[in-house]
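Below: one structure, written as structure tokens.
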Amino acid sequence: MQDTLTWKLDWGIAIRYAVMVAIPLLGMAVTVHVGKDLIAPPVLEGRWTIEREPGRPPSVCEEQLAWLESGAFVLTQQGQFLTAVPEGRPDLALKGKVTGSELRFSSPLPSSGLSIRGSLSEIDGVARLDAKIEHAGEASCTELSFRARHNPDLEGSDRRGSS
Amino acid sequence: MPDLQLLLIQVAFIVIVTKTAGLLVRAIGQPPVVGELTAGILLGPSVFGTLAPQLSSTLFPPDSLAFLQTLSQVGLLLFMFMVGLEFQPRRIRRYGHVLFLASHFSLALVFFLCSAVSLFLYPKLSDNRVTYVEFSLFLGVALGVSAFPVLARIVRERGLGKSELGALSIGCAAVDDVSAWFLLASILSLVRSMHSSVPIWWTLAGLALFVIVVLLIIRPLLAFILTEKRWKGTYSELFISLVFVLLLCCAGITEWLGIHLVFGAFLFGVAVPRKHGISEDLEAKLRPVTEVLLLPILYAVIGLRTSFGLLQSSEMWLHCALLFAVAVVGKTAGVTIAARLSGVPWRESAGFGILMNTRGLMELVIAKIGLDLGIINAAVFSMLVLVALVTTGLASPLLMLVYPRRQLADEAAEEREQVSTIAANV
């Protein structure tokens with residue numbers, strides 16, 4: 001083993017080094033080329049103000065109403081994974097995911113059937129959410145529609161500049 | 001103004017908890033860094049914040065964390081300087097071709113695997129502030145690095161210091177270190193150029209100029225000063241002051257260039273001449289303060305920003321497992337294959353691969369830079385912390401499997417026999 005390990009710059013070693021390092025790097029270059037146009041979810045984290053649709057009759061469902069009457073919710077984001085917490089009601093936090101422009105949330109508590117599904121759009125550079133909140137566990141609870149507007153000023157600080 | 005009393009209590013609490021954990025894991029044959037880092041995580045929201053939220057928020061109120069963060073940056077600067085000081089070019093001379101091949105092949109393999117899994121992970125774990133290229137390159141450098149200081153400690157504690165396996169691992173980790181920090185500097189230049197008006201060539205030119213000045217001007221200058229015999233005694237204080245001023249300047253310049261202060265500190269550590277035991281002297285002066293006082297603060301800061309609660313679903317844990325698999329396969333298999341193809345026997349090659357899979361604090365330093373710069377989010381950061389912790393913890397037991405103590409004893413006996421035969425012949 002000693003002989004084979006002695007430092008000796010010869011063509012065999014140089015070629016082996018070049019080939020072995022080049023193959024994965026070439027693979028990486030191809031993969032990067034394939035993936036360079038991949039799109040990650042939009043930035044949704046921050047405060048969202050809720051705009052209830054006018055003329056809606058009040059629901060008898062306490063959790064749905066509490067969510068809408070909170071007036072705003074705070075979204076935290078880890079990639080496509082989201083957590084929405086209505087202001088003042090952390091007990092009603094919902095976990096969800098964004099897929100394309102579709103958002104889906106559900107309660108992490110098995111006892112609660114609260115869920116939200118909605119779609120994202122952008123008006124004048126501001127993200128908007130058209131959503132429906134429902135309570136699967138209560139047959140008498142109707143689906144309620146609401147809109148929410150992303151407040152860019154209160155969006156999570158630009159992470160890139162925070163170092 | 002910081003609440004000085006609170007800061008003192010925080011630091012004392014952190015040092016007690018991390019050092020106790022370090023001692024405990026040492027008793028079960030693990031490197032202390034595993035315990036210290038685990039203690040840092042225990043202090044964070046995942047454990048302490050969940051079990052005693054009131055006490056946690058009293059001891060670590062959010063507005064006090066900025067001071068701990070600043071102290072941890074000082075610790076990081078000194079730690080990276082010491083890592084640079086430990087770099088010994090003579091370590092890589094003997095097995096040069098094996099070391100460069102093993103280090104660079106495994107790094108390239110990790111980068112390839114990271115770019116492949118990022119095709120799947122990027123749309124799930126990132127957002128549109130970061131591009132796919134930034135995300136995958138960053139994961140590559142974070143998972144490709146090996147922890148030189150931890151590895152050196154494992155090699156020493158397992159009695160491998162004089163073995164070929166020990167020499168290979170320490171040499172390869174040194175090559176890995178230099179390669180990884182240069183790669184990180186280049187990737188940070190790329191990231192910075194993508195999001196600012198400063199073009200990448202400007203940052204890279206600045207980086208090249210900085211490296212040239214440090215290695216071709218500052219290093220010979222320090223060596224020249226050291227030829228003066230009078231540097232010992234009164235002059236040693238002056239010399240050490242000069243070294244510290246230069247260290248701060250180098251870290252400041254790389255921070256200004258947008259490459260991060262760790263690179264400047266590391267490179268300056270490499271540039272300090274190895275004459276008259278000056279590097280050992282500096283290390284001896286810095287080690288107690290850095291390792292006992294400042295690094296535990298860094299572990300705590302990392303722990304306070306690590307939240308396993310963010311890995312909220314089985315899907316997230318699967319992503320974490322995928323990153324772990326990439327890290328282990330890329331590094332262990334990469335190093336083992338490269339070493340075997342260079343003529344190293346299977347057992348040593350496997351041991352070499354296992355040791356190089358130790359990431360320790362190095363991965364955490366890189367992950368923290370990524371989190372600070374917004375290249376990764378808190379969930380990916382927590383995953384990387386977990387990968388660093390588990391790969392570091394696995395090194396000793398896995399090494400024991402492929403390289404049991406009996407094997408070491410046999411090799412030592414064989415060596416003694418050879419020496420006595422040579423002595424008898426002489």
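We name chains A, B, ... following the order of the structure tokens; residues begin at 1 in each chain, and ligands are numbered from 1 as shown.
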| task | Using only C-alpha atoms, determine which residues of chain B fall within 9 Å of chain A; present them as number ranges by chain. | result | B: 93-98, 100-101, 104-116, 118-119, 122-133, 136, 192, 195, 310, 312, 316, 338, 341-345, 369, 371-375, 377-380
| said: Report as a VMD selection string all protein, DNA and RNA residues lying within 9 Å of region 137-148 of chain B, evaluated on only C-alpha atoms, omitting residues in the same chain fewer than 3 positions from it. | reply: chain B and resid 83 86 106 to 115 118 132 to 134 151 to 153 169 to 170 172 to 174 176 to 177 179 to 181 183 to 184 187 to 188 323 to 324 326 to 328 330 to 331 355 to 367 370 375 to 376 384 387 to 388 392
| said: Using DSSP assignments from the backbone, pull out every residue in region 40-161 of chain A that falls under strand (DSSP E) and give it to me as a PyMOL selection string. | reply: chain A and resi 46-52+72-78+81-86+94-99+102-106+114-123+126-135+144-150
Using DSSP on the backbone coordinates, identify the residues of region 65-135 of chain B assigned to helix (DSSP H, G or I); present them as a PDB file with C-alpha atoms, in the first residue's frame.
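Output file part_36.pdb is given in full below:
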```
ATOM      1  CA  LEU B  65     -30.880  37.647  21.151  1.00  0.00           C
ATOM      2  CA  ALA B  66     -29.124  40.293  19.051  1.00  0.00           C
ATOM      3  CA  PHE B  67     -26.359  40.575  21.677  1.00  0.00           C
ATOM      4  CA  LEU B  68     -25.916  36.819  21.847  1.00  0.00           C
ATOM      5  CA  GLN B  69     -25.826  36.774  18.046  1.00  0.00           C
ATOM      6  CA  THR B  70     -23.037  39.397  18.027  1.00  0.00           C
ATOM      7  CA  LEU B  71     -21.018  37.466  20.598  1.00  0.00           C
ATOM      8  CA  SER B  72     -21.508  34.289  18.580  1.00  0.00           C
ATOM      9  CA  GLN B  73     -20.179  36.039  15.463  1.00  0.00           C
ATOM     10  CA  VAL B  74     -17.009  36.931  17.377  1.00  0.00           C
ATOM     11  CA  GLY B  75     -16.744  33.278  18.433  1.00  0.00           C
ATOM     12  CA  LEU B  76     -17.240  32.192  14.834  1.00  0.00           C
ATOM     13  CA  LEU B  77     -14.519  34.554  13.659  1.00  0.00           C
ATOM     14  CA  LEU B  78     -12.016  33.211  16.196  1.00  0.00           C
ATOM     15  CA  PHE B  79     -13.047  29.614  15.526  1.00  0.00           C
ATOM     16  CA  MET B  80     -12.529  29.961  11.766  1.00  0.00           C
ATOM     17  CA  PHE B  81      -9.186  31.633  12.400  1.00  0.00           C
ATOM     18  CA  MET B  82      -8.149  28.623  14.511  1.00  0.00           C
ATOM     19  CA  VAL B  83      -9.349  26.227  11.788  1.00  0.00           C
ATOM     20  CA  GLY B  84      -7.104  28.128   9.374  1.00  0.00           C
ATOM     21  CA  LEU B  85      -4.224  27.958  11.853  1.00  0.00           C
ATOM     22  CA  GLU B  86      -4.629  24.180  12.071  1.00  0.00           C
ATOM     23  CA  ARG B  90       2.698  19.102   5.020  1.00  0.00           C
ATOM     24  CA  ARG B  91      -0.270  16.912   5.980  1.00  0.00           C
ATOM     25  CA  ILE B  92      -1.348  16.686   2.364  1.00  0.00           C
ATOM     26  CA  ARG B  93       2.027  16.107   0.753  1.00  0.00           C
ATOM     27  CA  GLY B  96      -1.634  14.157  -2.117  1.00  0.00           C
ATOM     28  CA  HIS B  97      -3.180  12.281  -5.027  1.00  0.00           C
ATOM     29  CA  VAL B  98      -5.546  10.261  -2.803  1.00  0.00           C
ATOM     30  CA  LEU B  99      -6.584  13.309  -0.799  1.00  0.00           C
ATOM     31  CA  PHE B 100      -7.368  15.591  -3.721  1.00  0.00           C
ATOM     32  CA  LEU B 101      -9.227  12.838  -5.560  1.00  0.00           C
ATOM     33  CA  ALA B 102     -11.225  11.770  -2.478  1.00  0.00           C
ATOM     34  CA  SER B 103     -12.028  15.341  -1.445  1.00  0.00           C
ATOM     35  CA  HIS B 104     -12.937  16.689  -4.870  1.00  0.00           C
ATOM     36  CA  PHE B 105     -14.733  13.572  -6.131  1.00  0.00           C
ATOM     37  CA  SER B 106     -16.903  13.423  -2.998  1.00  0.00           C
ATOM     38  CA  LEU B 107     -17.602  17.168  -3.177  1.00  0.00           C
ATOM     39  CA  ALA B 108     -18.543  16.879  -6.867  1.00  0.00           C
ATOM     40  CA  LEU B 109     -20.741  13.855  -6.093  1.00  0.00           C
ATOM     41  CA  VAL B 110     -22.528  15.709  -3.278  1.00  0.00           C
ATOM     42  CA  PHE B 111     -23.062  18.716  -5.570  1.00  0.00           C
ATOM     43  CA  PHE B 112     -24.488  16.448  -8.273  1.00  0.00           C
ATOM     44  CA  LEU B 113     -26.787  14.643  -5.834  1.00  0.00           C
ATOM     45  CA  CYS B 114     -27.916  17.958  -4.324  1.00  0.00           C
ATOM     46  CA  SER B 115     -28.722  19.390  -7.745  1.00  0.00           C
ATOM     47  CA  ALA B 116     -30.726  16.216  -8.499  1.00  0.00           C
ATOM     48  CA  VAL B 117     -32.742  16.177  -5.256  1.00  0.00           C
ATOM     49  CA  SER B 118     -33.240  19.935  -5.496  1.00  0.00           C
ATOM     50  CA  LEU B 119     -35.322  19.327  -8.626  1.00  0.00           C
ATOM     51  CA  PHE B 120     -37.781  17.771  -6.195  1.00  0.00           C
ATOM     52  CA  LEU B 121     -37.049  19.745  -3.006  1.00  0.00           C
ATOM     53  CA  TYR B 122     -36.711  23.287  -4.342  1.00  0.00           C
ATOM     54  CA  PRO B 123     -40.401  23.739  -5.283  1.00  0.00           C
ATOM     55  CA  LYS B 124     -41.367  22.311  -1.884  1.00  0.00           C
ATOM     56  CA  LEU B 125     -38.882  23.854   0.530  1.00  0.00           C
ATOM     57  CA  TYR B 132     -33.052  26.799  -8.031  1.00  0.00           C
ATOM     58  CA  VAL B 133     -29.358  27.292  -8.839  1.00  0.00           C
ATOM     59  CA  GLU B 134     -28.680  29.157  -5.563  1.00  0.00           C
ATOM     60  CA  PHE B 135     -30.634  26.610  -3.546  1.00  0.00           C
TER      61      PHE B 135
END
```
| message | I'd like the contact shell of Leu68 (chain A) - 8 Å cut-off, only C-alpha atoms, skipping same-chain residues fewer than 6 positions apart - returned as JSON, numbers by chain. | response | {"A": [50, 52, 146]}
Output N, CA, C and O atoms of each residue in that selection to a file, as a compact mmCIF listing (two decimals), in the first residue's frame.
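In the end it all went to result.txt:
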```txt
# COMPACT_ATOMS: atom_id res chain seq x y z
N ILE A 50 -58.43 40.41 6.26
CA ILE A 50 -59.61 39.69 5.76
C ILE A 50 -60.70 40.69 5.38
O ILE A 50 -61.01 41.63 6.12
N ARG A 52 -64.53 40.48 4.53
CA ARG A 52 -65.70 39.59 4.44
C ARG A 52 -66.61 40.08 3.34
O ARG A 52 -66.73 41.28 3.09
N PHE A 146 -64.63 34.40 1.75
CA PHE A 146 -64.00 35.65 2.18
C PHE A 146 -62.82 35.95 1.26
O PHE A 146 -62.39 35.10 0.49
```
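Here CA of Leu261 (chain B) is placed at a distance of 15.8 Å from CA of Val191 (chain B).
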| query | Any idea what's packed within 9 Å of region 245-250 of chain B, counting only C-alpha atoms, ignoring anything in its chain fewer than 2 positions away? Could you give it as a PyMOL selection string? | reply | chain B and resi 77-78+81+210+214+218+240-243+252-255+261+263-265+267-269
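Residues surrounding region 112-124 of chain A within 8 Å are A:Glu63, A:Gln64, A:Leu94, A:Ser101, A:Glu102, A:Leu103, A:Arg104, A:Phe105, A:Ser106, A:Ser107, A:Leu129, A:Asp130, A:Ala131, A:Lys132, A:Ile133, A:Glu134, A:His135, A:Ala136, A:Gly137, A:Glu138 [only C-alpha atoms; sequence separation below 5 positions excluded].
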